[in-house]
>>> print(open('structure_0.pdb').read())   # PDB, C-alpha atoms, pLDDT in the B column
ATOM      1  CA  MET A   1     -88.906  52.151  57.402  1.00 82.00           C
ATOM      2  CA  GLY A   2     -92.486  52.802  58.584  1.00 89.00           C
ATOM      3  CA  ASN A   3     -94.551  55.900  58.072  1.00 93.00           C
ATOM      4  CA  PRO A   4     -93.525  59.123  59.837  1.00 96.00           C
ATOM      5  CA  MET A   5     -94.996  60.007  63.198  1.00 98.00           C
ATOM      6  CA  ARG A   6     -95.977  63.463  64.391  1.00 98.00           C
ATOM      7  CA  ILE A   7     -94.391  64.435  67.687  1.00 98.00           C
ATOM      8  CA  ARG A   8     -95.278  67.418  69.799  1.00 98.00           C
ATOM      9  CA  ALA A   9     -93.064  68.034  72.832  1.00 98.00           C
ATOM     10  CA  ARG A  10     -93.634  71.187  74.871  1.00 98.00           C
ATOM     11  CA  MET A  11     -92.302  72.389  78.213  1.00 98.00           C
ATOM     12  CA  SER A  12     -94.875  72.948  80.901  1.00 97.00           C
ATOM     13  CA  GLY A  13     -92.879  74.215  83.872  1.00 97.00           C
ATOM     14  CA  ASP A  14     -90.199  71.545  84.503  1.00 97.00           C
ATOM     15  CA  VAL A  15     -92.111  68.855  82.677  1.00 98.00           C
ATOM     16  CA  VAL A  16     -91.953  67.984  78.995  1.00 98.00           C
ATOM     17  CA  ASN A  17     -95.451  67.203  77.756  1.00 98.00           C
ATOM     18  CA  VAL A  18     -95.337  64.792  74.802  1.00 98.00           C
ATOM     19  CA  LYS A  19     -98.010  63.744  72.334  1.00 98.00           C
ATOM     20  CA  VAL A  20     -97.125  61.375  69.499  1.00 98.00           C
ATOM     21  CA  LEU A  21     -99.393  60.395  66.630  1.00 98.00           C
ATOM     22  CA  MET A  22     -98.051  57.306  64.894  1.00 98.00           C
ATOM     23  CA  ASN A  23     -99.114  56.111  61.479  1.00 98.00           C
ATOM     24  CA  HIS A  24     -99.649  52.361  61.717  1.00 98.00           C
ATOM     25  CA  VAL A  25    -102.431  49.972  60.713  1.00 97.00           C
ATOM     26  CA  MET A  26    -102.293  48.048  64.056  1.00 98.00           C
ATOM     27  CA  GLU A  27    -103.972  45.015  62.517  1.00 96.00           C
ATOM     28  CA  THR A  28    -105.079  42.543  65.197  1.00 95.00           C
ATOM     29  CA  GLY A  29    -104.954  39.394  63.103  1.00 94.00           C
ATOM     30  CA  GLN A  30    -108.605  38.756  63.984  1.00 90.00           C
ATOM     31  CA  ARG A  31    -110.242  40.742  61.209  1.00 90.00           C
ATOM     32  CA  LYS A  32    -111.512  39.290  57.934  1.00 92.00           C
ATOM     33  CA  GLY A  33    -110.746  41.291  54.824  1.00 91.00           C
ATOM     34  CA  ALA A  34    -113.099  41.935  51.891  1.00 92.00           C
ATOM     35  CA  ASP A  35    -112.179  38.549  50.394  1.00 93.00           C
ATOM     36  CA  GLY A  36    -113.173  36.727  53.576  1.00 93.00           C
ATOM     37  CA  ALA A  37    -109.603  35.788  54.509  1.00 94.00           C
ATOM     38  CA  ILE A  38    -108.079  36.774  57.853  1.00 94.00           C
ATOM     39  CA  VAL A  39    -105.903  39.879  57.569  1.00 95.00           C
ATOM     40  CA  PRO A  40    -102.572  38.944  59.212  1.00 96.00           C
ATOM     41  CA  ALA A  41    -101.554  40.602  62.479  1.00 96.00           C
ATOM     42  CA  HIS A  42     -99.416  43.681  61.924  1.00 97.00           C
ATOM     43  CA  PHE A  43     -98.935  45.880  64.953  1.00 97.00           C
ATOM     44  CA  ILE A  44     -96.355  47.874  66.889  1.00 97.00           C
ATOM     45  CA  THR A  45     -94.839  45.718  69.631  1.00 97.00           C
ATOM     46  CA  LYS A  46     -92.390  48.127  71.249  1.00 97.00           C
ATOM     47  CA  VAL A  47     -91.998  51.890  71.614  1.00 98.00           C
ATOM     48  CA  THR A  48     -89.006  53.674  73.121  1.00 98.00           C
ATOM     49  CA  ALA A  49     -88.415  57.367  73.705  1.00 98.00           C
ATOM     50  CA  GLN A  50     -84.976  58.864  74.330  1.00 98.00           C
ATOM     51  CA  CYS A  51     -83.836  62.309  75.336  1.00 98.00           C
ATOM     52  CA  ASN A  52     -80.309  63.493  76.168  1.00 95.00           C
ATOM     53  CA  GLY A  53     -79.007  59.923  75.966  1.00 93.00           C
ATOM     54  CA  LYS A  54     -81.556  58.595  78.415  1.00 96.00           C
ATOM     55  CA  THR A  55     -84.557  56.337  77.865  1.00 98.00           C
ATOM     56  CA  VAL A  56     -87.588  58.285  79.070  1.00 98.00           C
ATOM     57  CA  LEU A  57     -90.219  55.737  78.132  1.00 98.00           C
ATOM     58  CA  GLU A  58     -90.382  52.125  77.110  1.00 97.00           C
ATOM     59  CA  ALA A  59     -93.639  50.435  76.217  1.00 97.00           C
ATOM     60  CA  HIS A  60     -94.660  46.983  75.037  1.00 97.00           C
ATOM     61  CA  TRP A  61     -97.851  46.997  73.009  1.00 98.00           C
ATOM     62  CA  GLY A  62    -100.343  44.397  71.854  1.00 97.00           C
ATOM     63  CA  PRO A  63    -102.818  44.610  68.957  1.00 96.00           C
ATOM     64  CA  SER A  64    -105.490  46.134  71.233  1.00 97.00           C
ATOM     65  CA  ILE A  65    -103.874  49.536  70.774  1.00 98.00           C
ATOM     66  CA  SER A  66    -105.912  51.506  68.227  1.00 98.00           C
ATOM     67  CA  LYS A  67    -104.924  52.078  64.629  1.00 98.00           C
ATOM     68  CA  ASN A  68    -102.781  55.212  64.268  1.00 98.00           C
ATOM     69  CA  PRO A  69    -101.801  55.181  67.922  1.00 98.00           C
ATOM     70  CA  LEU A  70    -101.909  58.410  69.873  1.00 98.00           C
ATOM     71  CA  LEU A  71     -99.518  58.207  72.812  1.00 98.00           C
ATOM     72  CA  GLY A  72     -99.134  60.771  75.586  1.00 98.00           C
ATOM     73  CA  PHE A  73     -96.496  60.883  78.302  1.00 98.00           C
ATOM     74  CA  ARG A  74     -94.558  63.397  80.411  1.00 98.00           C
ATOM     75  CA  PHE A  75     -91.018  63.522  81.736  1.00 98.00           C
ATOM     76  CA  ARG A  76     -88.535  65.760  83.548  1.00 98.00           C
ATOM     77  CA  GLY A  77     -84.867  66.480  83.090  1.00 96.00           C
ATOM     78  CA  ALA A  78     -84.975  68.166  79.708  1.00 98.00           C
ATOM     79  CA  ALA A  79     -85.278  71.726  78.459  1.00 97.00           C
ATOM     80  CA  ALA A  80     -86.531  73.600  75.427  1.00 98.00           C
ATOM     81  CA  GLY A  81     -84.122  73.028  72.560  1.00 98.00           C
ATOM     82  CA  ASP A  82     -83.324  69.430  73.561  1.00 98.00           C
ATOM     83  CA  THR A  83     -84.121  66.660  71.098  1.00 98.00           C
ATOM     84  CA  LEU A  84     -86.611  63.898  71.786  1.00 98.00           C
ATOM     85  CA  SER A  85     -86.314  60.732  69.722  1.00 98.00           C
ATOM     86  CA  ILE A  86     -89.056  58.128  69.446  1.00 98.00           C
ATOM     87  CA  THR A  87     -88.753  54.672  67.914  1.00 98.00           C
ATOM     88  CA  TRP A  88     -91.296  51.972  67.287  1.00 98.00           C
ATOM     89  CA  VAL A  89     -90.766  48.386  66.158  1.00 97.00           C
ATOM     90  CA  ASP A  90     -93.537  46.114  64.897  1.00 97.00           C
ATOM     91  CA  ASN A  91     -94.131  42.359  64.692  1.00 96.00           C
ATOM     92  CA  LYS A  92     -92.867  42.287  61.097  1.00 96.00           C
ATOM     93  CA  GLN A  93     -89.539  43.801  62.223  1.00 95.00           C
ATOM     94  CA  ASP A  94     -90.376  47.105  60.546  1.00 97.00           C
ATOM     95  CA  SER A  95     -89.406  50.163  62.531  1.00 97.00           C
ATOM     96  CA  ARG A  96     -89.541  53.928  62.501  1.00 97.00           C
ATOM     97  CA  THR A  97     -87.605  56.624  64.356  1.00 98.00           C
ATOM     98  CA  ASP A  98     -88.556  60.280  64.423  1.00 98.00           C
ATOM     99  CA  GLU A  99     -87.217  63.251  66.360  1.00 98.00           C
ATOM    100  CA  ALA A 100     -88.603  66.501  67.590  1.00 98.00           C
ATOM    101  CA  VAL A 101     -87.092  69.507  69.274  1.00 98.00           C
ATOM    102  CA  ILE A 102     -88.676  70.297  72.609  1.00 98.00           C
ATOM    103  CA  GLY A 103     -90.454  73.631  72.460  1.00 96.00           C
TER     104      GLY A 103
ATOM    105  CA  MET B   1     -83.693  43.289  67.568  1.00 55.00           C
ATOM    106  CA  GLN B   2     -80.777  42.530  65.207  1.00 55.00           C
ATOM    107  CA  HIS B   3     -78.283  42.135  68.083  1.00 56.00           C
ATOM    108  CA  ARG B   4     -80.623  39.768  69.813  1.00 55.00           C
ATOM    109  CA  ARG B   5     -81.050  37.578  66.747  1.00 56.00           C
ATOM    110  CA  LYS B   6     -77.280  37.428  66.156  1.00 53.00           C
ATOM    111  CA  PHE B   7     -76.696  36.582  69.783  1.00 52.00           C
ATOM    112  CA  LEU B   8     -79.334  33.851  69.820  1.00 51.00           C
ATOM    113  CA  ARG B   9     -77.539  32.083  66.983  1.00 55.00           C
ATOM    114  CA  HIS B  10     -74.488  31.775  69.238  1.00 51.00           C
ATOM    115  CA  VAL B  11     -76.313  30.623  72.305  1.00 49.00           C
ATOM    116  CA  GLY B  12     -76.371  26.853  72.430  1.00 49.00           C
ATOM    117  CA  GLU B  13     -77.965  25.645  75.594  1.00 46.00           C
ATOM    118  CA  GLY B  14     -78.789  27.369  78.823  1.00 48.00           C
ATOM    119  CA  GLY B  15     -81.140  30.277  79.459  1.00 58.00           C
ATOM    120  CA  VAL B  16     -81.045  32.841  76.693  1.00 60.00           C
ATOM    121  CA  LEU B  17     -82.024  35.666  78.986  1.00 58.00           C
ATOM    122  CA  ALA B  18     -79.439  34.623  81.572  1.00 59.00           C
ATOM    123  CA  ALA B  19     -76.816  34.680  78.815  1.00 58.00           C
ATOM    124  CA  LEU B  20     -77.918  38.134  77.710  1.00 58.00           C
ATOM    125  CA  VAL B  21     -77.805  39.401  81.276  1.00 54.00           C
ATOM    126  CA  SER B  22     -74.319  38.013  81.909  1.00 58.00           C
ATOM    127  CA  ALA B  23     -73.146  39.494  78.608  1.00 57.00           C
ATOM    128  CA  GLY B  24     -74.308  42.860  79.876  1.00 52.00           C
ATOM    129  CA  LEU B  25     -76.757  43.256  77.008  1.00 51.00           C
ATOM    130  CA  LEU B  26     -79.855  43.207  79.186  1.00 48.00           C
ATOM    131  CA  THR B  27     -80.281  44.390  82.741  1.00 48.00           C
ATOM    132  CA  ILE B  28     -82.226  42.083  85.014  1.00 46.00           C
ATOM    133  CA  PRO B  29     -85.379  44.259  85.062  1.00 48.00           C
ATOM    134  CA  GLN B  30     -85.304  44.472  81.234  1.00 51.00           C
ATOM    135  CA  ALA B  31     -84.853  40.718  80.945  1.00 45.00           C
ATOM    136  CA  TRP B  32     -87.768  40.256  83.294  1.00 48.00           C
ATOM    137  CA  ALA B  33     -89.893  42.621  81.235  1.00 51.00           C
ATOM    138  CA  ALA B  34     -89.011  40.942  77.945  1.00 51.00           C
ATOM    139  CA  ASP B  35     -89.739  37.445  79.244  1.00 49.00           C
ATOM    140  CA  HIS B  36     -92.906  38.255  81.131  1.00 57.00           C
ATOM    141  CA  SER B  37     -94.289  40.667  78.578  1.00 73.00           C
ATOM    142  CA  GLN B  38     -94.613  38.138  75.765  1.00 81.00           C
ATOM    143  CA  ALA B  39     -96.472  35.533  77.832  1.00 90.00           C
ATOM    144  CA  ALA B  40     -98.688  38.281  79.230  1.00 96.00           C
ATOM    145  CA  PHE B  41     -99.654  39.456  75.734  1.00 96.00           C
ATOM    146  CA  ASP B  42    -100.600  35.874  74.818  1.00 95.00           C
ATOM    147  CA  ALA B  43    -102.894  35.607  77.850  1.00 96.00           C
ATOM    148  CA  LYS B  44    -106.590  35.592  77.082  1.00 96.00           C
ATOM    149  CA  THR B  45    -107.958  36.529  80.479  1.00 97.00           C
ATOM    150  CA  VAL B  46    -107.098  39.234  82.976  1.00 97.00           C
ATOM    151  CA  GLU B  47    -106.191  36.566  85.551  1.00 96.00           C
ATOM    152  CA  ASP B  48    -103.750  34.883  83.170  1.00 96.00           C
ATOM    153  CA  ALA B  49    -102.237  38.240  82.174  1.00 97.00           C
ATOM    154  CA  PHE B  50    -101.836  39.227  85.852  1.00 97.00           C
ATOM    155  CA  ARG B  51    -100.134  35.910  86.568  1.00 95.00           C
ATOM    156  CA  ALA B  52     -97.800  36.275  83.588  1.00 96.00           C
ATOM    157  CA  LEU B  53     -96.858  39.777  84.760  1.00 96.00           C
ATOM    158  CA  GLY B  54     -96.220  38.523  88.296  1.00 94.00           C
ATOM    159  CA  ALA B  55     -99.152  40.451  89.742  1.00 96.00           C
ATOM    160  CA  ASN B  56    -100.671  38.484  92.619  1.00 88.00           C
ATOM    161  CA  ALA B  57    -104.132  39.734  93.567  1.00 92.00           C
ATOM    162  CA  PRO B  58    -103.343  43.456  93.100  1.00 97.00           C
ATOM    163  CA  ALA B  59    -104.940  45.733  95.667  1.00 97.00           C
ATOM    164  CA  VAL B  60    -107.474  48.231  94.371  1.00 98.00           C
ATOM    165  CA  SER B  61    -106.027  51.708  94.879  1.00 98.00           C
ATOM    166  CA  ASP B  62    -107.781  55.038  94.611  1.00 97.00           C
ATOM    167  CA  ALA B  63    -104.373  56.635  94.126  1.00 98.00           C
ATOM    168  CA  ILE B  64    -104.613  55.471  90.507  1.00 98.00           C
ATOM    169  CA  GLU B  65    -106.597  57.881  88.377  1.00 98.00           C
ATOM    170  CA  LEU B  66    -108.025  55.935  85.441  1.00 98.00           C
ATOM    171  CA  THR B  67    -109.895  58.100  82.970  1.00 98.00           C
ATOM    172  CA  ALA B  68    -112.085  56.403  80.380  1.00 98.00           C
ATOM    173  CA  PRO B  69    -115.391  57.350  78.752  1.00 97.00           C
ATOM    174  CA  THR B  70    -118.532  55.938  80.356  1.00 96.00           C
ATOM    175  CA  ILE B  71    -119.859  55.246  76.878  1.00 96.00           C
ATOM    176  CA  ALA B  72    -117.552  54.659  73.912  1.00 95.00           C
ATOM    177  CA  GLU B  73    -119.347  55.402  70.654  1.00 89.00           C
ATOM    178  CA  ASN B  74    -116.581  53.811  68.627  1.00 93.00           C
ATOM    179  CA  GLY B  75    -114.987  50.706  70.135  1.00 96.00           C
ATOM    180  CA  ALA B  76    -112.071  50.997  67.708  1.00 96.00           C
ATOM    181  CA  VAL B  77    -110.756  54.147  69.365  1.00 97.00           C
ATOM    182  CA  VAL B  78    -111.360  54.478  73.097  1.00 98.00           C
ATOM    183  CA  PRO B  79    -109.199  57.137  74.817  1.00 98.00           C
ATOM    184  CA  ILE B  80    -107.731  56.097  78.171  1.00 98.00           C
ATOM    185  CA  LYS B  81    -105.534  58.020  80.608  1.00 98.00           C
ATOM    186  CA  VAL B  82    -103.773  56.640  83.656  1.00 98.00           C
ATOM    187  CA  ASN B  83    -102.150  58.841  86.288  1.00 98.00           C
ATOM    188  CA  SER B  84    -100.599  57.080  89.273  1.00 98.00           C
ATOM    189  CA  ALA B  85    -100.038  58.898  92.553  1.00 98.00           C
ATOM    190  CA  ILE B  86     -98.494  55.778  94.117  1.00 98.00           C
ATOM    191  CA  PRO B  87     -94.891  56.560  95.164  1.00 98.00           C
ATOM    192  CA  GLY B  88     -92.245  54.616  93.259  1.00 97.00           C
ATOM    193  CA  THR B  89     -94.459  53.779  90.285  1.00 98.00           C
ATOM    194  CA  GLU B  90     -92.341  51.648  87.930  1.00 97.00           C
ATOM    195  CA  SER B  91     -94.812  50.589  85.294  1.00 97.00           C
ATOM    196  CA  ILE B  92     -98.367  51.072  84.124  1.00 98.00           C
ATOM    197  CA  ALA B  93    -100.274  48.382  82.263  1.00 98.00           C
ATOM    198  CA  LEU B  94    -103.673  48.583  80.642  1.00 98.00           C
ATOM    199  CA  LEU B  95    -106.065  45.653  80.201  1.00 98.00           C
ATOM    200  CA  VAL B  96    -109.446  45.328  78.514  1.00 98.00           C
ATOM    201  CA  GLU B  97    -111.247  42.481  80.219  1.00 98.00           C
ATOM    202  CA  GLU B  98    -113.538  41.378  77.384  1.00 97.00           C
ATOM    203  CA  ASN B  99    -110.985  41.632  74.570  1.00 97.00           C
ATOM    204  CA  PRO B 100    -109.753  38.372  72.958  1.00 96.00           C
ATOM    205  CA  TYR B 101    -106.366  39.057  74.570  1.00 96.00           C
ATOM    206  CA  ALA B 102    -106.810  41.121  77.702  1.00 97.00           C
ATOM    207  CA  LEU B 103    -103.458  42.951  77.911  1.00 98.00           C
ATOM    208  CA  ALA B 104    -103.252  46.084  75.736  1.00 98.00           C
ATOM    209  CA  MET B 105     -99.941  47.568  76.849  1.00 98.00           C
ATOM    210  CA  VAL B 106     -97.234  47.712  79.504  1.00 98.00           C
ATOM    211  CA  THR B 107     -95.371  51.005  79.891  1.00 97.00           C
ATOM    212  CA  THR B 108     -92.155  51.220  81.904  1.00 97.00           C
ATOM    213  CA  ILE B 109     -91.708  54.507  83.772  1.00 98.00           C
ATOM    214  CA  PRO B 110     -88.001  55.267  84.217  1.00 97.00           C
ATOM    215  CA  GLU B 111     -86.773  57.597  86.946  1.00 96.00           C
ATOM    216  CA  GLY B 112     -87.576  61.167  85.905  1.00 97.00           C
ATOM    217  CA  THR B 113     -90.632  60.232  83.880  1.00 98.00           C
ATOM    218  CA  GLU B 114     -94.064  61.085  85.243  1.00 98.00           C
ATOM    219  CA  PRO B 115     -96.248  58.086  86.203  1.00 98.00           C
ATOM    220  CA  TYR B 116     -98.728  58.974  83.494  1.00 98.00           C
ATOM    221  CA  VAL B 117     -99.678  57.564  80.142  1.00 98.00           C
ATOM    222  CA  SER B 118    -102.475  58.216  77.681  1.00 98.00           C
ATOM    223  CA  SER B 119    -103.417  55.974  74.802  1.00 98.00           C
ATOM    224  CA  ARG B 120    -106.311  54.791  72.666  1.00 98.00           C
ATOM    225  CA  VAL B 121    -107.446  51.177  72.777  1.00 98.00           C
ATOM    226  CA  LYS B 122    -109.740  48.916  70.811  1.00 97.00           C
ATOM    227  CA  MET B 123    -112.598  47.416  72.776  1.00 97.00           C
ATOM    228  CA  GLN B 124    -114.509  44.489  71.326  1.00 95.00           C
ATOM    229  CA  LYS B 125    -117.528  45.064  73.542  1.00 95.00           C
ATOM    230  CA  THR B 126    -118.719  46.589  76.789  1.00 96.00           C
ATOM    231  CA  SER B 127    -116.062  45.733  79.332  1.00 97.00           C
ATOM    232  CA  ARG B 128    -114.083  46.676  82.395  1.00 98.00           C
ATOM    233  CA  VAL B 129    -110.880  48.537  81.601  1.00 98.00           C
ATOM    234  CA  ILE B 130    -108.125  47.901  84.148  1.00 98.00           C
ATOM    235  CA  ALA B 131    -105.041  49.947  84.995  1.00 98.00           C
ATOM    236  CA  LEU B 132    -102.365  47.836  86.688  1.00 98.00           C
ATOM    237  CA  VAL B 133     -99.585  49.749  88.402  1.00 98.00           C
ATOM    238  CA  ARG B 134     -96.349  48.250  89.670  1.00 97.00           C
ATOM    239  CA  ALA B 135     -94.733  50.369  92.396  1.00 97.00           C
ATOM    240  CA  LYS B 136     -91.718  49.279  94.445  1.00 96.00           C
ATOM    241  CA  GLY B 137     -92.323  45.691  93.361  1.00 95.00           C
ATOM    242  CA  GLU B 138     -95.966  45.630  94.443  1.00 96.00           C
ATOM    243  CA  TYR B 139     -99.070  45.690  92.267  1.00 97.00           C
ATOM    244  CA  PHE B 140    -102.130  47.909  92.468  1.00 98.00           C
ATOM    245  CA  MET B 141    -105.113  48.361  90.201  1.00 98.00           C
ATOM    246  CA  ALA B 142    -108.052  50.557  89.297  1.00 98.00           C
ATOM    247  CA  THR B 143    -110.977  49.731  87.047  1.00 98.00           C
ATOM    248  CA  ARG B 144    -113.607  51.522  84.998  1.00 98.00           C
ATOM    249  CA  ASP B 145    -116.651  50.113  83.249  1.00 98.00           C
ATOM    250  CA  VAL B 146    -116.861  51.270  79.646  1.00 98.00           C
ATOM    251  CA  LYS B 147    -120.008  50.683  77.617  1.00 97.00           C
ATOM    252  CA  VAL B 148    -119.297  50.118  73.927  1.00 95.00           C
ATOM    253  CA  THR B 149    -121.983  50.796  71.348  1.00 89.00           C
ATOM    254  CA  LEU B 150    -119.980  49.705  68.284  1.00 76.00           C
ATOM    255  CA  GLY B 151    -117.364  46.988  68.883  1.00 64.00           C
ATOM    256  CA  GLY B 152    -113.833  47.778  67.724  1.00 65.00           C
ATOM    257  CA  CYS B 153    -111.899  44.586  67.136  1.00 63.00           C
ATOM    258  CA  GLY B 154    -113.334  44.085  63.664  1.00 53.00           C
ATOM    259  CA  GLY B 155    -114.142  40.449  64.330  1.00 45.00           C
TER     260      GLY B 155
END
>>> encode(input="structure_0.pdb", output="structure tokens")
Amino acid sequence: MGNPMRIRARMSGDVVNVKVLMNHVMETGQRKGADGAIVPAHFITKVTAQCNGKTVLEAHWGPSISKNPLLGFRFRGAAAGDTLSITWVDNKQDSRTDEAVIG
Amino acid sequence: MQHRRKFLRHVGEGGVLAALVSAGLLTIPQAWAADHSQAAFDAKTVEDAFRALGANAPAVSDAIELTAPTIAENGAVVPIKVNSAIPGTESIALLVEENPYALAMVTTIPEGTEPYVSSRVKMQKTSRVIALVRAKGEYFMATRDVKVTLGGCGG
């Protein structure tokens, strides 16, 4: 299981405003390490967000997304007290799911 | 992921995605996204990525608000926001023209989700950043030039 992410989900009128800070190295596979060898690619390939049994976001990512990705999105159809769940999967089949209560 | 791997072991010949669709495990739009996404992420140029995504000469649209810094001090972390005012926006993709692989991400916007996404991308050097929006099956784009003082791909 990957490192925990920090999720902030707040109501702004009818819209849930979400900011997620993920903890991931997002290695491109192009970089040379201190020993001169290429550091293998290791990056999040897919992110999904669910709320009240519905997928509210689905994203496919490449290694161009920055290390420790900061993702922002907004959706309707939820209320304060509902639970938002976010999952990422990476190219090494590691994954992480975290939840937050909408405030 | 696990289901897919198990299923693939049982699929002999024939299209894998077609099999998954007929088994009810993937809807047609999801199958499309899975198939096209991978090829698009392997594309080196914007043109190849557009082609892999099925975007044919997207029209430039000022209904796409693409926010990016004019000068990025640190190419490793460049904040980008895309807000689409095009009705029926289904997906938002972000490309960095001068990166080794142009496509950075494709975000699907389900019904009920705002056509907005913010992210941070790596930029190898000064480049155009492109937002590609798919709305009601058609493609639109907006671009911004971002000057990079310190390249961010670590190469």
>>> interface_residues(input="structure_0.pdb", of="chain B", to="chain A", cutoff="7 Å", atoms="all atoms listed in the file", output="list in words")
Phe41, Ala76, Val77, Leu103, Ala104, Met105, Val106, Thr107, Thr108, Ile109, Pro110, Gly112, Thr113, Glu114, Tyr116, Val117, Ser118, Ser119, Arg120, Val121, Lys122, Gly154 and Gly155 of chain B
>>> closest_residue(input="structure_0.pdb", among="A:Ile102, A:Met11, A:Ile44, A:Met5", to="Asn23 in chain A", atoms="all atoms listed in the file")
A:Met5
>>> atom_distance(input="structure_0.pdb", atom1="CA of Met123 in chain B", atom2="CA of Ile80 in chain B")
11.3 Å
>>> resolve_selection(input="structure_0.pdb", expression="the PyMOL selection byres ((chain B and resi 99) around 8)", output="list of chain:residue names")
A:Ser64, B:Lys44, B:Val96, B:Glu97, B:Glu98, B:Pro100, B:Tyr101, B:Ala102, B:Met123, B:Gln124, B:Lys125
>>> resolve_selection(input="structure_0.pdb", expression="the PyMOL selection byres ((chain A and resi 4) around 8)", output="short mmCIF file (atom, residue, chain, number, x, y, z; two decimals) with C-alpha atoms, in the frame of the given file")
data_model
loop_
_atom_site.label_atom_id
_atom_site.label_comp_id
_atom_site.auth_asym_id
_atom_site.auth_seq_id
_atom_site.Cartn_x
_atom_site.Cartn_y
_atom_site.Cartn_z
CA GLY A 2 -92.49 52.80 58.58
CA ASN A 3 -94.55 55.90 58.07
CA MET A 5 -95.00 60.01 63.20
CA ARG A 6 -95.98 63.46 64.39
CA MET A 22 -98.05 57.31 64.89
CA ASN A 23 -99.11 56.11 61.48
CA ARG A 96 -89.54 53.93 62.50
CA THR A 97 -87.60 56.62 64.36
CA ASP A 98 -88.56 60.28 64.42
#
>>> atom_distance(input="structure_0.pdb", atom1="CA of Leu53 in chain B", atom2="CA of Ser37 in chain B")
6.8 Å
>>> resolve_selection(input="structure_0.pdb", expression="the PyMOL selection byres ((chain B and resi 146) around 9)", output="list in words")
Ala68, Pro69, Thr70, Ile71, Ala72, Met123, Lys125, Thr126, Ser127, Arg128, Val129, Arg144, Asp145, Lys147 and Val148 of chain B
>>> atom_distance(input="structure_0.pdb", atom1="CA of Ala55 in chain B", atom2="CA of Gly75 in chain B")
27.2 Å
>>> axis_aligned_box(input="structure_0.pdb", around="range 82-91 of chain A", padding_each_side="5 Å", output="AutoDock Vina command-line options")
--center_x -88.7 --center_y 55.9 --center_z 69.1 --size_x 20.8 --size_y 37.1 --size_z 18.9
>>> residues_around(input="structure_0.pdb", residues="range 136-142 of chain B", least_positions_apart="4", cutoff="7 Å", atoms="all atoms listed in the file", output="list in words")
Ala55, Pro58, Ala59, Val60, Ser61, Asp62, Ile64, Leu66, Gly88, Thr89, Glu90, Ile130, Ala131 and Leu132 of chain B
>>> residues_around(input="structure_0.pdb", residues="Val101 in chain A", least_positions_apart="2", cutoff="10 Å", atoms="all atoms listed in the file", output="JSON, numbers by chain")
{"A": [7, 8, 9, 10, 51, 79, 80, 81, 82, 83, 84, 85, 99, 103]}
>>> decode(input="structure_0.pdb", residues="range 127-140 of chain B", atoms="N, CA and C atoms", output="compact mmCIF listing (two decimals), in the first residue's frame")
# COMPACT_ATOMS: atom_id res chain seq x y z
N SER B 127 8.04 25.71 -23.36
CA SER B 127 7.15 24.93 -24.23
C SER B 127 5.73 25.48 -24.23
N ARG B 128 4.98 25.07 -25.22
CA ARG B 128 3.53 25.31 -25.20
C ARG B 128 2.90 24.25 -24.30
N VAL B 129 1.95 24.69 -23.49
CA VAL B 129 1.14 23.74 -22.73
C VAL B 129 -0.23 23.75 -23.42
N ILE B 130 -0.80 22.56 -23.61
CA ILE B 130 -2.06 22.47 -24.37
C ILE B 130 -3.13 21.78 -23.54
N ALA B 131 -4.31 22.41 -23.48
CA ALA B 131 -5.47 21.76 -22.87
C ALA B 131 -6.34 21.26 -24.01
N LEU B 132 -6.66 19.98 -23.98
CA LEU B 132 -7.50 19.37 -25.02
C LEU B 132 -8.80 18.93 -24.37
N VAL B 133 -9.90 19.48 -24.83
CA VAL B 133 -11.20 19.17 -24.25
C VAL B 133 -12.03 18.37 -25.24
N ARG B 134 -12.64 17.30 -24.74
CA ARG B 134 -13.57 16.54 -25.57
C ARG B 134 -14.97 16.86 -25.05
N ALA B 135 -15.84 17.36 -25.93
CA ALA B 135 -17.20 17.71 -25.54
C ALA B 135 -18.15 17.20 -26.60
N LYS B 136 -19.10 16.39 -26.20
CA LYS B 136 -20.08 15.79 -27.13
C LYS B 136 -19.36 15.18 -28.33
N GLY B 137 -18.29 14.47 -28.08
CA GLY B 137 -17.58 13.75 -29.13
C GLY B 137 -16.66 14.60 -29.99
N GLU B 138 -16.66 15.92 -29.76
CA GLU B 138 -15.77 16.77 -30.56
C GLU B 138 -14.62 17.31 -29.73
N TYR B 139 -13.53 17.66 -30.38
CA TYR B 139 -12.35 18.12 -29.66
C TYR B 139 -12.07 19.60 -29.85
N PHE B 140 -11.65 20.23 -28.75
CA PHE B 140 -11.29 21.64 -28.75
C PHE B 140 -10.00 21.80 -27.96
